[in-house]
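Take a look at the structure below.
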Amino acid sequence: ERSSIRPNMCCSLHDAITHGVQRPRRHQTHLSIPQLHPSIFVINAAPPGQLEPGGLRFCPKLKPTRNSIAPHPSPLPPPPLMRAARRGKKLFQEEQWEQAAQAFTEALGTRSPPDHTLLTNRALCNQKLLRWDLVEQDARLAVQLSETSVKAHYLLGKSLQEMGRLEEAQTELTKSMSLSSSKQFKSYRGSIEVALLSVRKRLWMREQAKQDMEDELTRGKMMDIADACLAAAKARGVPPEEAQATYDQRVRALCRVLGRARRKQDMADIPEGMVCKLSRRIMIDPVSTPHGQTYERADIEKHLTEKGPRDPFRKSDVVSKDSLVPNLALKKYIDDFLEENPWAFQEPP
């Protein structure tokens, strides 16, 4: 028979083992040698006066069984680095950016190599504090430790964007976008896409300014040539009216050539179907309601949260967040349009 063994079942377990004496207790429970599991207990070789209570001792090197009398160990407290990481997350949720960054620094400790997740968490804190050089430092190290980290590539691209290194930022954000295709990164993908479109627009604006300067220099040189031709015509005795008419004709032709070379764009060129009726901005994540209306996801979800489950412009239509469906065809059309016209992107407020 197998039974649970407890030290108080016998007045002296040593007597039971040594002399075969068994003293019944209130429930008439007896102990005998065969009841002791050999993988748990060993007989103490010390004299009876020096035996541990019960005459037995636990052998720590042997694997316990379910009959073991060893108490369950209490849960070990988390190590200091883990406690610091948890404290950092809690402080971040409470928007205490400085204290959260310090907690993540403590959590990193002297780890070699450092944990890339803790590095990106500290970079997020520094992003909130607009410390872009520190964001770049942590994000770049995190990318070296984990090439597939979506958050690390995004934070590196964002910091490079804010520091004006737009070509590098575009490269990192493009990598982050390509790595975020799975559903688990759905919440990040919107931020990545907005940052990437913003970088593309800034690159376009920089090229536009450069082109404007070159056009102005070209126009100045062409006007100098026209002025020289006018002066030469007058020197040859060409009637002033005829010389001036020729000069005006050349200037108009010059303006037409420069205008055809590069046509300035304005917001009126954006197709109306791309613009969200709620925000009046071009849509990045268009979704359709069951009744065929299309809105920017963030704008319609905000409306449904604040105003209730009704279409903003058709009050009779009931709409819920779960009923919104991505408009993939329009999304593809908008992406292609913004690829060719980066100027059209409007950053959210």
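We name chains A, B, ... following the order of the structure tokens; residues begin at 1 in each chain, and ligands are numbered from 1 as shown.
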Write out, as CSV, each residue of stretch 305-337 of chain A that has an atom at most 12 Å from stretch 177-197 of chain A, together with the closest pair of atoms and their distance in Å to one decimal, counting only C-alpha atoms, rows going by chain and rising number.
```
residue,atom,partner,partner_atom,distance
A:Ile334,CA,A:Leu197,CA,11.7
A:Asp335,CA,A:Leu197,CA,9.7
A:Asp336,CA,A:Leu197,CA,12.0
A:Phe337,CA,A:Leu197,CA,11.7
```
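Distances here use only C-alpha atoms; by that measure, the residue among A:Val251, A:Ala209, A:Val143, A:Ala152 closest to A:Cys229 is A:Val251.
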Inset, instruction - For each of A:Arg236, A:His291, A:Arg202, A:Arg250, take the minimum atom-to-atom distance to A:Asp224, counting only C-alpha atoms, then give the residue where this is smallest. - result: A:Arg250
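Checking A:Lys321, A:Asn121, A:Lys128, A:Pro290 one by one against A:Gly308, counting only C-alpha atoms, you find the shortest gap at A:Lys321.
For A:Glu301, the residues within 10 Å (counting only C-alpha atoms, excluding itself and residues fewer than 4 positions away along the chain) are Tyr295, Glu296, Arg297, Thr305, Glu306, Lys307, Gly308, Pro309, Val319, Ser320, Lys321, Asp322 and Leu324 of chain A.
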Inset, instruction - Give me the residues within 9 Å of A:Arg87 as a PyMOL selection string, counting only C-alpha atoms and dropping any in the same chain fewer than 5 places off. - result: chain A and resi 82+92+100+103-104
Go ahead and dump the residues you just picked, N, CA, C and O atoms, as a CSV table (one decimal), in the first residue's frame.
```
chain,number,residue,atom,x,y,z
A,82,MET,N,14.2,42.3,-14.7
A,82,MET,CA,12.8,42.1,-15.1
A,82,MET,C,11.8,43.0,-14.4
A,82,MET,O,10.9,43.6,-15.0
A,92,PHE,N,5.6,54.1,-18.9
A,92,PHE,CA,5.3,54.6,-20.2
A,92,PHE,C,3.8,54.7,-20.4
A,92,PHE,O,3.4,55.7,-21.1
A,100,ALA,N,10.4,56.4,-17.4
A,100,ALA,CA,10.3,55.1,-18.1
A,100,ALA,C,11.6,54.9,-18.8
A,100,ALA,O,12.1,53.7,-18.8
A,103,ALA,N,14.0,53.6,-16.3
A,103,ALA,CA,13.8,52.2,-15.9
A,103,ALA,C,14.3,51.2,-17.0
A,103,ALA,O,14.8,50.2,-16.6
A,104,PHE,N,14.1,51.6,-18.3
A,104,PHE,CA,14.6,50.7,-19.3
A,104,PHE,C,16.1,50.6,-19.3
A,104,PHE,O,16.7,49.6,-19.6
```
Residues at most 12 Å from A:Cys125, counting only C-alpha atoms, excluding those fewer than 6 positions away in the same chain, as a PDB file with N, CA, C and O atoms, in the first residue's frame?
```
ATOM      1  N   GLY A  88       9.224  50.070 -16.219  1.00  0.00           N
ATOM      2  CA  GLY A  88       9.326  50.954 -17.376  1.00  0.00           C
ATOM      3  C   GLY A  88       8.068  50.949 -18.225  1.00  0.00           C
ATOM      4  O   GLY A  88       7.598  51.996 -18.666  1.00  0.00           O
ATOM      5  N   LYS A  89       7.487  49.765 -18.458  1.00  0.00           N
ATOM      6  CA  LYS A  89       6.254  49.682 -19.242  1.00  0.00           C
ATOM      7  C   LYS A  89       5.105  50.406 -18.535  1.00  0.00           C
ATOM      8  O   LYS A  89       4.307  51.098 -19.174  1.00  0.00           O
ATOM      9  N   LEU A  91       5.350  52.907 -16.389  1.00  0.00           N
ATOM     10  CA  LEU A  91       5.599  54.344 -16.450  1.00  0.00           C
ATOM     11  C   LEU A  91       5.310  54.886 -17.844  1.00  0.00           C
ATOM     12  O   LEU A  91       4.800  56.011 -17.986  1.00  0.00           O
ATOM     13  N   PHE A  92       5.602  54.106 -18.868  1.00  0.00           N
ATOM     14  CA  PHE A  92       5.318  54.551 -20.236  1.00  0.00           C
ATOM     15  C   PHE A  92       3.816  54.699 -20.445  1.00  0.00           C
ATOM     16  O   PHE A  92       3.356  55.667 -21.058  1.00  0.00           O
ATOM     17  N   GLN A  93       3.043  53.740 -19.934  1.00  0.00           N
ATOM     18  CA  GLN A  93       1.592  53.823 -20.060  1.00  0.00           C
ATOM     19  C   GLN A  93       1.044  55.034 -19.309  1.00  0.00           C
ATOM     20  O   GLN A  93       0.019  55.597 -19.692  1.00  0.00           O
ATOM     21  N   GLU A  94       1.742  55.441 -18.245  1.00  0.00           N
ATOM     22  CA  GLU A  94       1.337  56.611 -17.477  1.00  0.00           C
ATOM     23  C   GLU A  94       1.905  57.909 -18.053  1.00  0.00           C
ATOM     24  O   GLU A  94       1.757  58.972 -17.449  1.00  0.00           O
ATOM     25  N   GLU A  95       2.567  57.805 -19.217  1.00  0.00           N
ATOM     26  CA  GLU A  95       3.135  58.954 -19.930  1.00  0.00           C
ATOM     27  C   GLU A  95       4.220  59.672 -19.129  1.00  0.00           C
ATOM     28  O   GLU A  95       4.425  60.870 -19.275  1.00  0.00           O
ATOM     29  N   GLN A  96       4.919  58.919 -18.305  1.00  0.00           N
ATOM     30  CA  GLN A  96       6.076  59.454 -17.583  1.00  0.00           C
ATOM     31  C   GLN A  96       7.325  59.017 -18.364  1.00  0.00           C
ATOM     32  O   GLN A  96       8.021  58.071 -18.007  1.00  0.00           O
ATOM     33  N   TRP A  97       7.592  59.739 -19.447  1.00  0.00           N
ATOM     34  CA  TRP A  97       8.599  59.312 -20.419  1.00  0.00           C
ATOM     35  C   TRP A  97      10.007  59.260 -19.808  1.00  0.00           C
ATOM     36  O   TRP A  97      10.752  58.312 -20.052  1.00  0.00           O
ATOM     37  N   GLU A  98      10.379  60.286 -19.061  1.00  0.00           N
ATOM     38  CA  GLU A  98      11.730  60.353 -18.510  1.00  0.00           C
ATOM     39  C   GLU A  98      11.987  59.198 -17.542  1.00  0.00           C
ATOM     40  O   GLU A  98      13.019  58.502 -17.619  1.00  0.00           O
ATOM     41  N   GLN A  99      11.062  58.970 -16.627  1.00  0.00           N
ATOM     42  CA  GLN A  99      11.223  57.888 -15.662  1.00  0.00           C
ATOM     43  C   GLN A  99      11.192  56.520 -16.349  1.00  0.00           C
ATOM     44  O   GLN A  99      11.917  55.602 -15.943  1.00  0.00           O
ATOM     45  N   ALA A 100      10.364  56.408 -17.393  1.00  0.00           N
ATOM     46  CA  ALA A 100      10.309  55.137 -18.131  1.00  0.00           C
ATOM     47  C   ALA A 100      11.639  54.857 -18.828  1.00  0.00           C
ATOM     48  O   ALA A 100      12.128  53.722 -18.818  1.00  0.00           O
ATOM     49  N   ALA A 101      12.232  55.887 -19.415  1.00  0.00           N
ATOM     50  CA  ALA A 101      13.530  55.702 -20.068  1.00  0.00           C
ATOM     51  C   ALA A 101      14.590  55.274 -19.065  1.00  0.00           C
ATOM     52  O   ALA A 101      15.428  54.404 -19.350  1.00  0.00           O
ATOM     53  N   GLN A 102      14.569  55.844 -17.881  1.00  0.00           N
ATOM     54  CA  GLN A 102      15.529  55.457 -16.846  1.00  0.00           C
ATOM     55  C   GLN A 102      15.317  54.010 -16.412  1.00  0.00           C
ATOM     56  O   GLN A 102      16.279  53.269 -16.161  1.00  0.00           O
ATOM     57  N   ALA A 103      14.040  53.595 -16.312  1.00  0.00           N
ATOM     58  CA  ALA A 103      13.752  52.216 -15.918  1.00  0.00           C
ATOM     59  C   ALA A 103      14.258  51.227 -16.970  1.00  0.00           C
ATOM     60  O   ALA A 103      14.821  50.176 -16.640  1.00  0.00           O
ATOM     61  N   PHE A 104      14.065  51.558 -18.251  1.00  0.00           N
ATOM     62  CA  PHE A 104      14.553  50.669 -19.303  1.00  0.00           C
ATOM     63  C   PHE A 104      16.083  50.645 -19.334  1.00  0.00           C
ATOM     64  O   PHE A 104      16.680  49.613 -19.642  1.00  0.00           O
ATOM     65  N   THR A 105      16.710  51.774 -19.016  1.00  0.00           N
ATOM     66  CA  THR A 105      18.171  51.792 -18.919  1.00  0.00           C
ATOM     67  C   THR A 105      18.633  50.864 -17.801  1.00  0.00           C
ATOM     68  O   THR A 105      19.603  50.107 -17.946  1.00  0.00           O
ATOM     69  N   LEU A 118      14.178  45.899 -25.279  1.00  0.00           N
ATOM     70  CA  LEU A 118      14.379  46.975 -24.306  1.00  0.00           C
ATOM     71  C   LEU A 118      14.961  48.211 -24.977  1.00  0.00           C
ATOM     72  O   LEU A 118      14.631  49.342 -24.608  1.00  0.00           O
ATOM     73  N   LEU A 119      15.807  48.022 -25.975  1.00  0.00           N
ATOM     74  CA  LEU A 119      16.375  49.165 -26.698  1.00  0.00           C
ATOM     75  C   LEU A 119      15.283  49.933 -27.442  1.00  0.00           C
ATOM     76  O   LEU A 119      15.252  51.173 -27.410  1.00  0.00           O
ATOM     77  N   ARG A 131      14.181  63.359 -28.390  1.00  0.00           N
ATOM     78  CA  ARG A 131      15.633  63.184 -28.361  1.00  0.00           C
ATOM     79  C   ARG A 131      16.013  62.278 -29.532  1.00  0.00           C
ATOM     80  O   ARG A 131      16.291  61.089 -29.360  1.00  0.00           O
ATOM     81  N   TRP A 132      16.039  62.843 -30.719  1.00  0.00           N
ATOM     82  CA  TRP A 132      16.160  62.034 -31.923  1.00  0.00           C
ATOM     83  C   TRP A 132      17.534  61.386 -32.057  1.00  0.00           C
ATOM     84  O   TRP A 132      17.644  60.310 -32.644  1.00  0.00           O
ATOM     85  N   LEU A 134      19.291  60.145 -29.587  1.00  0.00           N
ATOM     86  CA  LEU A 134      19.253  58.948 -28.744  1.00  0.00           C
ATOM     87  C   LEU A 134      18.345  57.876 -29.350  1.00  0.00           C
ATOM     88  O   LEU A 134      18.626  56.676 -29.218  1.00  0.00           O
ATOM     89  N   VAL A 135      17.275  58.311 -30.018  1.00  0.00           N
ATOM     90  CA  VAL A 135      16.405  57.354 -30.703  1.00  0.00           C
ATOM     91  C   VAL A 135      17.194  56.625 -31.789  1.00  0.00           C
ATOM     92  O   VAL A 135      17.125  55.395 -31.922  1.00  0.00           O
ATOM     93  N   ASP A 138      19.732  54.010 -30.174  1.00  0.00           N
ATOM     94  CA  ASP A 138      19.126  52.759 -29.693  1.00  0.00           C
ATOM     95  C   ASP A 138      18.536  51.949 -30.835  1.00  0.00           C
ATOM     96  O   ASP A 138      18.669  50.710 -30.879  1.00  0.00           O
ATOM     97  N   ALA A 139      17.869  52.619 -31.777  1.00  0.00           N
ATOM     98  CA  ALA A 139      17.231  51.899 -32.879  1.00  0.00           C
ATOM     99  C   ALA A 139      18.265  51.249 -33.793  1.00  0.00           C
ATOM    100  O   ALA A 139      18.068  50.119 -34.262  1.00  0.00           O
ATOM    101  N   LEU A 155      11.574  53.127 -35.938  1.00  0.00           N
ATOM    102  CA  LEU A 155      12.129  54.182 -35.085  1.00  0.00           C
ATOM    103  C   LEU A 155      13.407  54.771 -35.680  1.00  0.00           C
ATOM    104  O   LEU A 155      13.642  55.983 -35.577  1.00  0.00           O
TER     105      LEU A 155
END
```
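Reported to one decimal place, the separation of atom CA of A:Val238 from atom CA of A:Met223 is 19.7 Å.
DSSP annotation of stretch 57-303 of chain A from backbone atoms: strand (DSSP E) residues are Arg57, Phe58, Pro286, Val287, Ser288, Thr294, Tyr295 and Glu296 of chain A.
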Inset, instruction - Determine, counting only C-alpha atoms, which protein, DNA and RNA residues have an atom within 12 Å of an atom of A:Val257; residues of the same chain fewer than 6 positions away are not included. Present the result as a VMD selection string. - result: chain A and resid 215 218 to 219 222 250 to 251 263
